Amino acid sequence: MAAFSERMGLLFVAWLSLCLSTTLAVDRGNFKTCDQSAFCKRQRAMKPGQSSYRALLDTLELSDSRLTLQLINDNNKVRLLLELYRLQGNMTRVKINELKPLKPRYEVPDVLIADPPTEPLSLVSQDENGVVLSLGLETCRLIVSARPFRLDIMEGPQVLLSLNSRGLLAFEHLRLRKDTLSDKISSTVGSMWDKLKSVFSSNSQTDPAEAERTEDSDTADQQVEEKAEDGESEKEDDKPGMWEETFKSHTDSKPNGPTSISLDFSLPGVEHVYGIPEHADNLKLKTTDGGDPYRLYNLDVFQYELYNPMALYVAVPVLLSHNAQRTMGIFWLNAAETWVDISSNTAGKTVFGKMLDYVQGASETPQTDVRWISESGIIDVFIMLGPEPTDVFAQYAALTGTQSFPPLSALAYHQCRWNYNDQDDVRAVDQGFDDHDIPYDFIWLDIEHTDGKRYFTWDPNKFPQPREMLQGLMDKRRKMVAIVDPHIKVDTGYKIHNEIRSRNFYVKNKDGGDYEGWCWPGSAGYPDFTNPEMRAWWASMFAYDQYEGTMENLYTWNDMNEPSVFNGPEVTMHKDAVHGAWEHRDVHNLYGFYVQMATAEGLIQRSGGVERPFVLTRAGFAGSQRYGAVWTGDNAAEWDHLKISIPMCLSLGLVGISLCGADVGGFFKSPSPELLVRWYQTGAYQPFFRAHAHLDTPRREPWLFGPENTALIREAVRQRYSLLPYWYQLFYHAYRTGHPVMRPLWVEYPEDVATFAIDDEFLIGKYLLVHPVTEEGARGVTAYLPGNEEVWYDVHTFQKHNGAQNLYIPVTMSSIPVFQRGGSIIPRKNRIRRSSSCMETDPYTLYVALSPQRTAEGELYIDDGHTFNYEKHSQFIHRRLTFANNALSSSNLAPDAQFSTASWIERVVFLGAHKPNAVALRMADGSESPLEFEFDAAMSVLTLRKPGVNAGANWTVLLR
């Protein structure tokens, strides 16, 4: 029977693989629309302006850290508890839960890095209409209106943000089903009668413990009676999908009944909102009137469509609003399926229409309204008041943490496909990079490297000596990533399965048995990663004596962790599956977050806490940035997929996940040579740079498309390696501050309205602007160079261009339009070797791009590139580079840190320079020595050769 089941599983997987390889696009019928999601349809049927909730001001309690207040639904008399917190860092937290729920509702754990510190709230005034609270600053107020309930945050006379101003607060309270309610009441009456009989039939003194149990029972009975009365007063008819819901062949039993929540937010003066990834859509979020809301529900969507609000692999419930005066954020901390509606009073207006409003003196203020709808849990929302973009990034980082600081090699180039066949294939591909002089750091193995899709194993025929293979890579200072997915083959001969089952660590089905679904191994169990004991055990499996054949240069890829269940509803887990005390519906969007958390911890533990991990995940949630990298999933070898990779990664960066990339070349289908080259050129300037391809696509290693295309790809990869010092410094800053590495132009130019909707170009940090070529057959691109009275330098030609203009750039196949901002200093390493580790002690070249004021600044960060010693032992170098008054100097930003480097400054290139009469190098002891230089008068480029100073030293270059 087991053999038959395994054969059926293999046949199923083979059939699925065939479907995936031949499909032209996602089957949207496999995934719900809002109308097919009962709670979304119910909530969306509500009409604005008819709020049934009012605040009971006589219940107000104010302490130093919070305000509590009861809300009542006048339709059904159910009470809610409102909690308001003023948080440090200009944030406000709003929590709304049932006052007396039948049982606890789910509150998301582990995402916040700590209980957010609070600041005192003070009461300014109160009357029968509401209360006014101070948010610290004299002009900043929080107003709670009583009837209907509404909350406004104001700065002076300006409303920054309103909650429930449209009256769309809705909270489906836990209740007993009508057909069980009468049974429960009858049972309660019978129980009370039995107790009375017991009392009258006995003259003995009641046992104290029994008396306590009786009292508890009476309390529970009273709650049942109260709920029964509520049920009578509501007189609500059951609506479809409240207690059971069917989608295609799957039935969701909903044992707790309807539990959805909703709240609306109004943003006066705002026309541009961003975030709530992951969607294959533009950077600026669109209005959803007349269509589906944006959906946040981690799903395995094969060959996803573009430019629609369908859910994808990642769900981060964070939205940013921006106008020329202020940036703010809304963080909706809920892990259940969530839909986000966006409407705007300026949507659909043409530029002419807006101009006409202005000429005619129209008084309508632009406004965007955002409504969040979640299936279960509570309302727990953080309002981040900015006011600058960097303030919002810092506020969100204070809540959920910053991007983990990756090993330097993780920022280099990664070579992957599904699948490299065997050890000989790995060896041949590795050698191919050397033969064609193309650097790379990581080669990847997909699911076929395992023994029958049993993770933590190796195929004994194809990979019989994995340590020998890994040692061969290590000898070249290269590394490997192997996939470890969270679906576990149900096989009594498989150690991992037996351990999980014996420890009772699998997710359960609604009947209490181990939940099983179909995935790559056939029948599979799904570990309950919400259980900290399960996560600790999983982490222990990465130890070298547990995961046989592994070495310190093997890292991990977590795929399929939405979780993907091929025969489940919407290709994922049934919502009525059980994780301890909670249903899967409550925790769904956390599953991939927990998988990556446990895996990252395993890689740290195996080194005794010394080495930084690298873990790539497909699914994620708020806080996933703490554990590694994310990629945009199963894209296609199409030009539009290349284009969409830019706004997809920009959106992830805005919500903390900086280490993002897309499969270079496209996962499905086969790219033309032109598309492949353009994708390498784009990927080389995105944070996570990995080529990947489907099992059924022709091989596409970089040298397989003719020598001309090989040369173009080689050059793109080499440009990436040259810039690794800059990338590394930016990721250090992301780790320290939460600022995105790849960022939209408006982040650095928040008052420039022309930047607000741009998503075909981007900034890397503050100083590099990239406009990739993403159109087939393009002969030119038009890039917007921001900044009045600023200048930008083409990094290839050193030509200078003024800011605040649209610049047309003719392009050839070798063109990658990249510009360095005037006023910046960027370090590079121009001696490109086979891997980043081989370049560790190589010298730096500093590119000093002068502003019109003839100043510039930058930084240089150096550490060992792979351990936690920078944090634990302050072993790093962090230097400030400045140019002013014709002097370029390097000063120490971290005087308490201790680290030495063999790297030195090989060259300094000044862009936009004047010819000096002489150049001298002055050391910290005051000694000076002359430096040789060259000056290109046509391009105004000054080059200093071999200053020869150590990269960690104090020094000054004087232009005379």
# chains A, B, ... in the order shown; residues from 1 in each chain; ligands from 1

$ residues_around --residues "Leu958 of chain A" --least-positions-apart "4" --cutoff "6 Å" --atoms "only C-alpha atoms" --output "list in words"
Ala887, Val919 and Ala920 of chain A

$ select_by_dssp --residues "segment 676-816 of chain A" --states "strand (DSSP E)" --output "VMD selection string"
chain A and resid 689 to 691 742 to 743 762 to 764 768 to 770 780 to 785 791 to 794 800 to 802 805 to 810

$ write_last_selection --atoms "C-alpha atoms" --output "PDB file, in the first residue's frame"
ATOM      1  CA  PHE A 689      21.813  39.019  -7.837  1.00  0.00           C
ATOM      2  CA  ARG A 690      20.951  35.445  -8.828  1.00  0.00           C
ATOM      3  CA  ALA A 691      20.326  33.734 -12.161  1.00  0.00           C
ATOM      4  CA  MET A 742      17.463  50.096  -3.281  1.00  0.00           C
ATOM      5  CA  ARG A 743      15.114  53.037  -2.967  1.00  0.00           C
ATOM      6  CA  PHE A 762      15.934  53.808  -8.764  1.00  0.00           C
ATOM      7  CA  LEU A 763      18.645  54.861  -6.381  1.00  0.00           C
ATOM      8  CA  ILE A 764      21.198  52.600  -4.743  1.00  0.00           C
ATOM      9  CA  LEU A 768      23.894  55.993  -7.512  1.00  0.00           C
ATOM     10  CA  LEU A 769      20.956  56.381  -9.883  1.00  0.00           C
ATOM     11  CA  VAL A 770      20.218  53.461 -12.217  1.00  0.00           C
ATOM     12  CA  GLY A 780      17.555  55.065 -26.025  1.00  0.00           C
ATOM     13  CA  VAL A 781      16.000  55.668 -22.622  1.00  0.00           C
ATOM     14  CA  THR A 782      14.844  58.821 -20.892  1.00  0.00           C
ATOM     15  CA  ALA A 783      16.020  59.105 -17.309  1.00  0.00           C
ATOM     16  CA  TYR A 784      14.852  61.692 -14.835  1.00  0.00           C
ATOM     17  CA  LEU A 785      17.821  63.205 -12.983  1.00  0.00           C
ATOM     18  CA  VAL A 791      24.749  67.469 -10.995  1.00  0.00           C
ATOM     19  CA  TRP A 792      25.025  63.810 -11.980  1.00  0.00           C
ATOM     20  CA  TYR A 793      27.982  62.040 -13.617  1.00  0.00           C
ATOM     21  CA  ASP A 794      27.696  59.132 -16.028  1.00  0.00           C
ATOM     22  CA  LYS A 800      28.345  65.684 -16.240  1.00  0.00           C
ATOM     23  CA  HIS A 801      24.597  66.429 -16.413  1.00  0.00           C
ATOM     24  CA  ASN A 802      22.468  68.927 -14.541  1.00  0.00           C
ATOM     25  CA  GLN A 805      15.774  67.279 -16.058  1.00  0.00           C
ATOM     26  CA  ASN A 806      14.632  64.404 -18.227  1.00  0.00           C
ATOM     27  CA  LEU A 807      17.741  63.232 -20.024  1.00  0.00           C
ATOM     28  CA  TYR A 808      17.546  61.206 -23.219  1.00  0.00           C
ATOM     29  CA  ILE A 809      20.343  58.623 -23.305  1.00  0.00           C
ATOM     30  CA  PRO A 810      21.195  56.775 -26.523  1.00  0.00           C
TER      31      PRO A 810
END

$ atom_distance --atom1 "atom CA of His574 of chain A" --atom2 "atom CA of Lys254 of chain A"
10.6 Å

$ closest_atom_pairs --of "segment 730-843 of chain A" --to "segment 631-647 of chain A" --cutoff "8 Å" --atoms "only C-alpha atoms" --output "CSV"
residue,atom,partner,partner_atom,distance
A:Asp759,CA,A:Pro647,CA,5.5
A:Asp760,CA,A:Ile646,CA,6.6
A:Glu761,CA,A:Ile646,CA,7.6
A:Phe762,CA,A:Ile646,CA,7.9
A:Thr774,CA,A:Lys643,CA,5.8
A:Glu775,CA,A:Trp639,CA,6.8
A:Glu776,CA,A:Trp639,CA,7.0

$ write_last_selection --atoms "C-alpha atoms" --output "PDB file, in the first residue's frame"
ATOM      1  CA  ASP A 759       9.465  53.101 -10.879  1.00  0.00           C
ATOM      2  CA  ASP A 760      11.547  52.370 -13.976  1.00  0.00           C
ATOM      3  CA  GLU A 761      14.658  53.803 -12.336  1.00  0.00           C
ATOM      4  CA  PHE A 762      15.934  53.808  -8.764  1.00  0.00           C
ATOM      5  CA  THR A 774      14.066  47.121 -20.086  1.00  0.00           C
ATOM      6  CA  GLU A 775      12.546  47.605 -23.562  1.00  0.00           C
ATOM      7  CA  GLU A 776      13.191  45.182 -26.388  1.00  0.00           C
TER       8      GLU A 776
END

$ closest_residue --among "A:Ser889, A:Asn531, A:Gln431, A:Ser523" --to "Tyr506 of chain A" --atoms "only C-alpha atoms"
A:Asn531

$ closest_residue --among "A:Gln423, A:Asn73, A:Thr33, A:Ser249" --to "Asn461 of chain A" --atoms "only C-alpha atoms"
A:Gln423

$ residues_around --residues "segment 663-666 of chain A" --least-positions-apart "3" --cutoff "12 Å" --atoms "only C-alpha atoms" --output "PyMOL selection string"
chain A and resi 303-304+413-418+618+630-645+649+660+669-686+688-694+697-702+713+717

$ write_last_selection --atoms "C-alpha atoms" --output "mmCIF file, in the first residue's frame"
data_model
loop_
_atom_site.group_PDB
_atom_site.id
_atom_site.type_symbol
_atom_site.label_atom_id
_atom_site.label_comp_id
_atom_site.auth_asym_id
_atom_site.auth_seq_id
_atom_site.Cartn_x
_atom_site.Cartn_y
_atom_site.Cartn_z
ATOM 1 C CA GLN A 303 3.846 32.170 -13.449
ATOM 2 C CA TYR A 304 1.987 35.045 -11.880
ATOM 3 C CA TYR A 413 26.736 36.881 -8.040
ATOM 4 C CA HIS A 414 24.813 33.598 -7.562
ATOM 5 C CA GLN A 415 24.450 30.885 -10.226
ATOM 6 C CA CYS A 416 21.396 28.610 -9.962
ATOM 7 C CA ARG A 417 19.056 26.402 -11.932
ATOM 8 C CA TRP A 418 16.565 23.639 -11.248
ATOM 9 C CA ARG A 618 10.140 32.821 -0.890
ATOM 10 C CA VAL A 630 13.700 37.365 -0.412
ATOM 11 C CA TRP A 631 13.217 36.910 -4.123
ATOM 12 C CA THR A 632 10.211 37.621 -6.315
ATOM 13 C CA GLY A 633 9.396 33.995 -7.054
ATOM 14 C CA ASP A 634 8.552 32.159 -10.230
ATOM 15 C CA ASN A 635 8.740 34.890 -12.848
ATOM 16 C CA ALA A 636 8.947 34.404 -16.613
ATOM 17 C CA ALA A 637 11.477 35.179 -19.339
ATOM 18 C CA GLU A 638 9.480 38.124 -20.636
ATOM 19 C CA TRP A 639 10.308 41.803 -20.924
ATOM 20 C CA ASP A 640 7.415 42.845 -18.693
ATOM 21 C CA HIS A 641 8.704 40.557 -15.935
ATOM 22 C CA LEU A 642 12.085 42.248 -16.191
ATOM 23 C CA LYS A 643 10.398 45.648 -15.824
ATOM 24 C CA ILE A 644 8.217 44.602 -12.891
ATOM 25 C CA SER A 645 11.227 43.390 -10.893
ATOM 26 C CA CYS A 649 11.938 45.141 -5.061
ATOM 27 C CA CYS A 660 15.599 41.462 -2.664
ATOM 28 C CA LYS A 669 10.383 30.031 -20.519
ATOM 29 C CA SER A 670 13.589 30.833 -22.395
ATOM 30 C CA PRO A 671 14.925 34.366 -22.790
ATOM 31 C CA SER A 672 16.262 35.707 -26.043
ATOM 32 C CA PRO A 673 19.942 36.649 -25.889
ATOM 33 C CA GLU A 674 18.953 40.320 -25.804
ATOM 34 C CA LEU A 675 16.572 39.818 -22.872
ATOM 35 C CA LEU A 676 19.122 37.739 -20.987
ATOM 36 C CA VAL A 677 21.817 40.394 -21.390
ATOM 37 C CA ARG A 678 19.474 43.193 -20.335
ATOM 38 C CA TRP A 679 18.414 41.153 -17.320
ATOM 39 C CA TYR A 680 22.008 40.641 -16.223
ATOM 40 C CA GLN A 681 22.582 44.363 -16.602
ATOM 41 C CA THR A 682 19.534 45.100 -14.441
ATOM 42 C CA GLY A 683 20.209 42.373 -11.877
ATOM 43 C CA ALA A 684 23.783 43.556 -11.409
ATOM 44 C CA TYR A 685 22.305 46.726 -9.876
ATOM 45 C CA GLN A 686 19.683 45.066 -7.677
ATOM 46 C CA PHE A 688 20.208 40.120 -4.554
ATOM 47 C CA PHE A 689 21.813 39.019 -7.837
ATOM 48 C CA ARG A 690 20.951 35.445 -8.828
ATOM 49 C CA ALA A 691 20.326 33.734 -12.161
ATOM 50 C CA HIS A 692 17.797 30.898 -12.023
ATOM 51 C CA ALA A 693 15.858 28.752 -14.504
ATOM 52 C CA HIS A 694 13.162 26.088 -14.652
ATOM 53 C CA THR A 697 14.340 25.315 -19.937
ATOM 54 C CA PRO A 698 17.502 25.010 -22.045
ATOM 55 C CA ARG A 699 20.737 25.608 -20.176
ATOM 56 C CA ARG A 700 21.680 29.259 -19.981
ATOM 57 C CA GLU A 701 25.042 29.615 -18.284
ATOM 58 C CA PRO A 702 26.470 33.003 -19.279
ATOM 59 C CA ILE A 713 27.282 39.535 -19.371
ATOM 60 C CA VAL A 717 28.892 40.965 -13.499
#

$ residues_around --residues "Arg66 of chain A" --least-positions-apart "2" --cutoff "6 Å" --atoms "only C-alpha atoms" --output "VMD selection string"
chain A and resid 63 84 to 85

$ residues_around --residues "Pro843 of chain A" --least-positions-apart "2" --cutoff "12 Å" --atoms "only C-alpha atoms" --output "PyMOL selection string"
chain A and resi 722+725+827-832+838-841+845-846+901-908+945-952

$ select_by_dssp --residues "segment 598-653 of chain A" --states "helix (DSSP H, G or I)" --output "list in words"
Ala598, Thr599, Ala600, Glu601, Gly602, Leu603, Ile604, Gln605, Arg606, Ser624, Gln625, Arg626, Tyr627, Trp639, Asp640, His641, Leu642, Lys643, Ile644, Ser645, Ile646, Pro647, Met648, Cys649, Leu650, Ser651, Leu652 and Gly653 of chain A

$ residues_around --residues "Ile816 of chain A" --least-positions-apart "2" --cutoff "9 Å" --atoms "only C-alpha atoms" --output "PyMOL selection string"
chain A and resi 678+681-682+716+770-773+796+811-814+818

$ residues_around --residues "segment 863-875 of chain A" --least-positions-apart "2" --cutoff "12 Å" --atoms "only C-alpha atoms" --output "PyMOL selection string"
chain A and resi 404-412+552-553+603-604+607-614+724-725+728-729+731-732+735-736+836-841+860-861+877-879+894-903+951-952
